[in-house]
Amino acid sequence: MPRKCVVSGCSNTHKDGVTTHLWPKDDKLALKWDRFVRLTRVDWIKGTTATTVCGAHFTPEDFDGYKQWKAGFGTRLRLKACAVPTMHVKTANRVTLMLRPARSISSQRCTIGLRSGD
């Protein structure tokens, strides 16, 4: 059984043609993901290593090689190590709402406590 996105109102799985991303292992980053999900689910406590969020909740800047993938030159999207979901998608009518202004990850330095070589 495919893992379903945990964001309220979203039931995407990889079978829907959307990327799915496991919960981060880094505690600081996981806390940011928890805060995002909590905006959509009042009952949310904490994600686990089996919890997923789908790619619809990330901006194109959150992925390595997004432009190449979109142009058909890449076969797989890889989420950047410091990416945090920021997009809430209402799946019923396909309206996308931005919860906070998009930021350019490429212009920011990812400093979330990762050791060099990770």
# chains A, B, ... in the order shown; residues from 1 in each chain; ligands from 1
$ residues_around --residues "Thr51 of chain A" --least-positions-apart "4" --cutoff "7 Å" --atoms "only C-alpha atoms" --output "MDAnalysis selection string"
chainID A and resid 22:23 47
$ write_last_selection --atoms "N, CA and C atoms" --output "short mmCIF file (atom, residue, chain, number, x, y, z; two decimals), in the first residue's frame"
data_model
loop_
_atom_site.label_atom_id
_atom_site.label_comp_id
_atom_site.auth_asym_id
_atom_site.auth_seq_id
_atom_site.Cartn_x
_atom_site.Cartn_y
_atom_site.Cartn_z
N LEU A 22 10.05 11.23 2.42
CA LEU A 22 10.04 10.77 3.81
C LEU A 22 10.42 11.89 4.75
N TRP A 23 9.95 11.78 5.97
CA TRP A 23 10.21 12.76 7.01
C TRP A 23 11.72 12.89 7.24
N GLY A 47 5.86 13.81 13.08
CA GLY A 47 6.10 12.85 12.02
C GLY A 47 7.08 11.78 12.45
#
$ residues_around --residues "Val53 of chain A" --least-positions-apart "5" --cutoff "7 Å" --atoms "only C-alpha atoms" --output "list of chain:residue names"
A:Cys5, A:Val6, A:Val7, A:Thr20, A:His21, A:Leu22
$ write_last_selection --atoms "C-alpha atoms" --output "JSON list (two decimals), in the first residue's frame"
[["chain", "number", "residue", "atom", "x", "y", "z"],
["A", 5, "CYS", "CA", 0.69, 12.49, 2.10],
["A", 6, "VAL", "CA", -0.07, 13.51, 5.72],
["A", 7, "VAL", "CA", -1.12, 17.09, 4.92],
["A", 20, "THR", "CA", 6.65, 11.64, -2.06],
["A", 21, "HIS", "CA", 9.27, 12.49, 0.53],
["A", 22, "LEU", "CA", 10.04, 10.77, 3.81]]
$ atom_distance --atom1 "atom CA of Thr19 of chain A" --atom2 "atom CA of Gly55 of chain A"
4.9 Å
$ closest_residue --among "A:Arg38, A:His57, A:Arg3, A:Lys25" --to "Thr86 of chain A" --atoms "only C-alpha atoms"
A:His57
$ closest_residue --among "A:Cys54, A:Phe73, A:Arg78, A:Lys67" --to "Ser11 of chain A" --atoms "only C-alpha atoms"
A:Cys54
$ select_by_dssp --residues "segment 13-97 of chain A" --states "alpha helix (DSSP H)" --output "list in words"
Asp27, Lys28, Leu29, Ala30, Leu31, Lys32, Trp33, Asp34, Arg35, Phe36, Val37, Arg38, Leu39, Thr40, Tyr66, Lys67, Gln68, Trp69 and Lys70 of chain A
$ write_last_selection --atoms "N, CA, C and O atoms" --output "PDB file, in the first residue's frame"
ATOM      1  N   ASP A  27      16.542  16.665  13.409  1.00  0.00           N
ATOM      2  CA  ASP A  27      15.511  17.114  14.349  1.00  0.00           C
ATOM      3  C   ASP A  27      15.029  18.540  14.082  1.00  0.00           C
ATOM      4  O   ASP A  27      13.832  18.815  14.162  1.00  0.00           O
ATOM      5  N   LYS A  28      15.947  19.442  13.766  1.00  0.00           N
ATOM      6  CA  LYS A  28      15.554  20.835  13.513  1.00  0.00           C
ATOM      7  C   LYS A  28      14.694  20.951  12.262  1.00  0.00           C
ATOM      8  O   LYS A  28      13.703  21.671  12.237  1.00  0.00           O
ATOM      9  N   LEU A  29      15.077  20.238  11.228  1.00  0.00           N
ATOM     10  CA  LEU A  29      14.299  20.257   9.995  1.00  0.00           C
ATOM     11  C   LEU A  29      12.951  19.560  10.193  1.00  0.00           C
ATOM     12  O   LEU A  29      11.921  20.047   9.717  1.00  0.00           O
ATOM     13  N   ALA A  30      12.940  18.453  10.920  1.00  0.00           N
ATOM     14  CA  ALA A  30      11.692  17.733  11.191  1.00  0.00           C
ATOM     15  C   ALA A  30      10.707  18.623  11.949  1.00  0.00           C
ATOM     16  O   ALA A  30       9.499  18.586  11.694  1.00  0.00           O
ATOM     17  N   LEU A  31      11.203  19.447  12.851  1.00  0.00           N
ATOM     18  CA  LEU A  31      10.345  20.367  13.595  1.00  0.00           C
ATOM     19  C   LEU A  31       9.669  21.368  12.662  1.00  0.00           C
ATOM     20  O   LEU A  31       8.487  21.678  12.812  1.00  0.00           O
ATOM     21  N   LYS A  32      10.395  21.834  11.659  1.00  0.00           N
ATOM     22  CA  LYS A  32       9.811  22.762  10.675  1.00  0.00           C
ATOM     23  C   LYS A  32       8.727  22.070   9.853  1.00  0.00           C
ATOM     24  O   LYS A  32       7.694  22.654   9.546  1.00  0.00           O
ATOM     25  N   TRP A  33       8.962  20.818   9.492  1.00  0.00           N
ATOM     26  CA  TRP A  33       7.944  20.055   8.765  1.00  0.00           C
ATOM     27  C   TRP A  33       6.721  19.848   9.649  1.00  0.00           C
ATOM     28  O   TRP A  33       5.591  19.967   9.189  1.00  0.00           O
ATOM     29  N   ASP A  34       6.943  19.544  10.925  1.00  0.00           N
ATOM     30  CA  ASP A  34       5.827  19.381  11.869  1.00  0.00           C
ATOM     31  C   ASP A  34       4.998  20.656  11.955  1.00  0.00           C
ATOM     32  O   ASP A  34       3.762  20.612  11.970  1.00  0.00           O
ATOM     33  N   ARG A  35       5.655  21.796  12.021  1.00  0.00           N
ATOM     34  CA  ARG A  35       4.932  23.079  12.097  1.00  0.00           C
ATOM     35  C   ARG A  35       4.047  23.285  10.872  1.00  0.00           C
ATOM     36  O   ARG A  35       2.932  23.768  10.979  1.00  0.00           O
ATOM     37  N   PHE A  36       4.578  22.925   9.703  1.00  0.00           N
ATOM     38  CA  PHE A  36       3.787  23.068   8.484  1.00  0.00           C
ATOM     39  C   PHE A  36       2.546  22.182   8.531  1.00  0.00           C
ATOM     40  O   PHE A  36       1.436  22.635   8.252  1.00  0.00           O
ATOM     41  N   VAL A  37       2.713  20.916   8.865  1.00  0.00           N
ATOM     42  CA  VAL A  37       1.576  19.990   8.904  1.00  0.00           C
ATOM     43  C   VAL A  37       0.573  20.440   9.965  1.00  0.00           C
ATOM     44  O   VAL A  37      -0.638  20.357   9.760  1.00  0.00           O
ATOM     45  N   ARG A  38       1.057  20.958  11.069  1.00  0.00           N
ATOM     46  CA  ARG A  38       0.178  21.424  12.145  1.00  0.00           C
ATOM     47  C   ARG A  38      -0.721  22.576  11.683  1.00  0.00           C
ATOM     48  O   ARG A  38      -1.810  22.774  12.213  1.00  0.00           O
ATOM     49  N   LEU A  39      -0.287  23.335  10.673  1.00  0.00           N
ATOM     50  CA  LEU A  39      -1.127  24.390  10.103  1.00  0.00           C
ATOM     51  C   LEU A  39      -2.367  23.811   9.427  1.00  0.00           C
ATOM     52  O   LEU A  39      -3.376  24.486   9.287  1.00  0.00           O
ATOM     53  N   THR A  40      -2.279  22.567   8.987  1.00  0.00           N
ATOM     54  CA  THR A  40      -3.390  21.935   8.280  1.00  0.00           C
ATOM     55  C   THR A  40      -4.124  20.901   9.123  1.00  0.00           C
ATOM     56  O   THR A  40      -5.234  20.520   8.793  1.00  0.00           O
ATOM     57  N   TYR A  66      15.307  20.959 -10.895  1.00  0.00           N
ATOM     58  CA  TYR A  66      13.892  21.041 -11.281  1.00  0.00           C
ATOM     59  C   TYR A  66      13.723  21.474 -12.737  1.00  0.00           C
ATOM     60  O   TYR A  66      12.925  20.896 -13.464  1.00  0.00           O
ATOM     61  N   LYS A  67      14.475  22.482 -13.152  1.00  0.00           N
ATOM     62  CA  LYS A  67      14.315  22.996 -14.530  1.00  0.00           C
ATOM     63  C   LYS A  67      14.671  21.936 -15.561  1.00  0.00           C
ATOM     64  O   LYS A  67      13.981  21.799 -16.567  1.00  0.00           O
ATOM     65  N   GLN A  68      15.730  21.175 -15.297  1.00  0.00           N
ATOM     66  CA  GLN A  68      16.108  20.113 -16.218  1.00  0.00           C
ATOM     67  C   GLN A  68      15.031  19.027 -16.260  1.00  0.00           C
ATOM     68  O   GLN A  68      14.702  18.501 -17.321  1.00  0.00           O
ATOM     69  N   TRP A  69      14.489  18.683 -15.094  1.00  0.00           N
ATOM     70  CA  TRP A  69      13.428  17.672 -15.027  1.00  0.00           C
ATOM     71  C   TRP A  69      12.195  18.146 -15.793  1.00  0.00           C
ATOM     72  O   TRP A  69      11.603  17.401 -16.566  1.00  0.00           O
ATOM     73  N   LYS A  70      11.817  19.400 -15.580  1.00  0.00           N
ATOM     74  CA  LYS A  70      10.641  19.971 -16.244  1.00  0.00           C
ATOM     75  C   LYS A  70      10.827  19.981 -17.763  1.00  0.00           C
ATOM     76  O   LYS A  70       9.871  19.783 -18.512  1.00  0.00           O
TER      77      LYS A  70
END
$ closest_residue --among "A:Thr13, A:Thr59, A:Ser8, A:Thr75" --to "Trp44 of chain A" --atoms "only C-alpha atoms"
A:Ser8
$ atom_distance --atom1 "atom CA of Lys15 of chain A" --atom2 "atom CA of Leu79 of chain A"
18.2 Å
$ decode --residues "segment 10-39 of chain A" --atoms "C-alpha atoms" --output "CSV table (one decimal), in the first residue's frame"
chain,number,residue,atom,x,y,z
A,10,CYS,CA,-4.2,15.9,0.4
A,11,SER,CA,-4.3,12.2,-0.4
A,12,ASN,CA,-1.5,12.1,-3.0
A,13,THR,CA,0.7,9.1,-3.3
A,14,HIS,CA,3.5,8.2,-5.8
A,15,LYS,CA,0.8,6.4,-7.8
A,16,ASP,CA,-0.8,9.8,-8.5
A,17,GLY,CA,2.4,10.9,-10.3
A,18,VAL,CA,3.5,13.1,-7.5
A,19,THR,CA,6.8,12.7,-5.7
A,20,THR,CA,6.7,11.6,-2.1
A,21,HIS,CA,9.3,12.5,0.5
A,22,LEU,CA,10.0,10.8,3.8
A,23,TRP,CA,10.2,12.8,7.0
A,24,PRO,CA,13.7,14.3,7.6
A,25,LYS,CA,16.0,12.6,10.1
A,26,ASP,CA,17.4,16.0,11.2
A,27,ASP,CA,15.5,17.1,14.3
A,28,LYS,CA,15.6,20.8,13.5
A,29,LEU,CA,14.3,20.3,10.0
A,30,ALA,CA,11.7,17.7,11.2
A,31,LEU,CA,10.3,20.4,13.6
A,32,LYS,CA,9.8,22.8,10.7
A,33,TRP,CA,7.9,20.1,8.8
A,34,ASP,CA,5.8,19.4,11.9
A,35,ARG,CA,4.9,23.1,12.1
A,36,PHE,CA,3.8,23.1,8.5
A,37,VAL,CA,1.6,20.0,8.9
A,38,ARG,CA,0.2,21.4,12.1
A,39,LEU,CA,-1.1,24.4,10.1
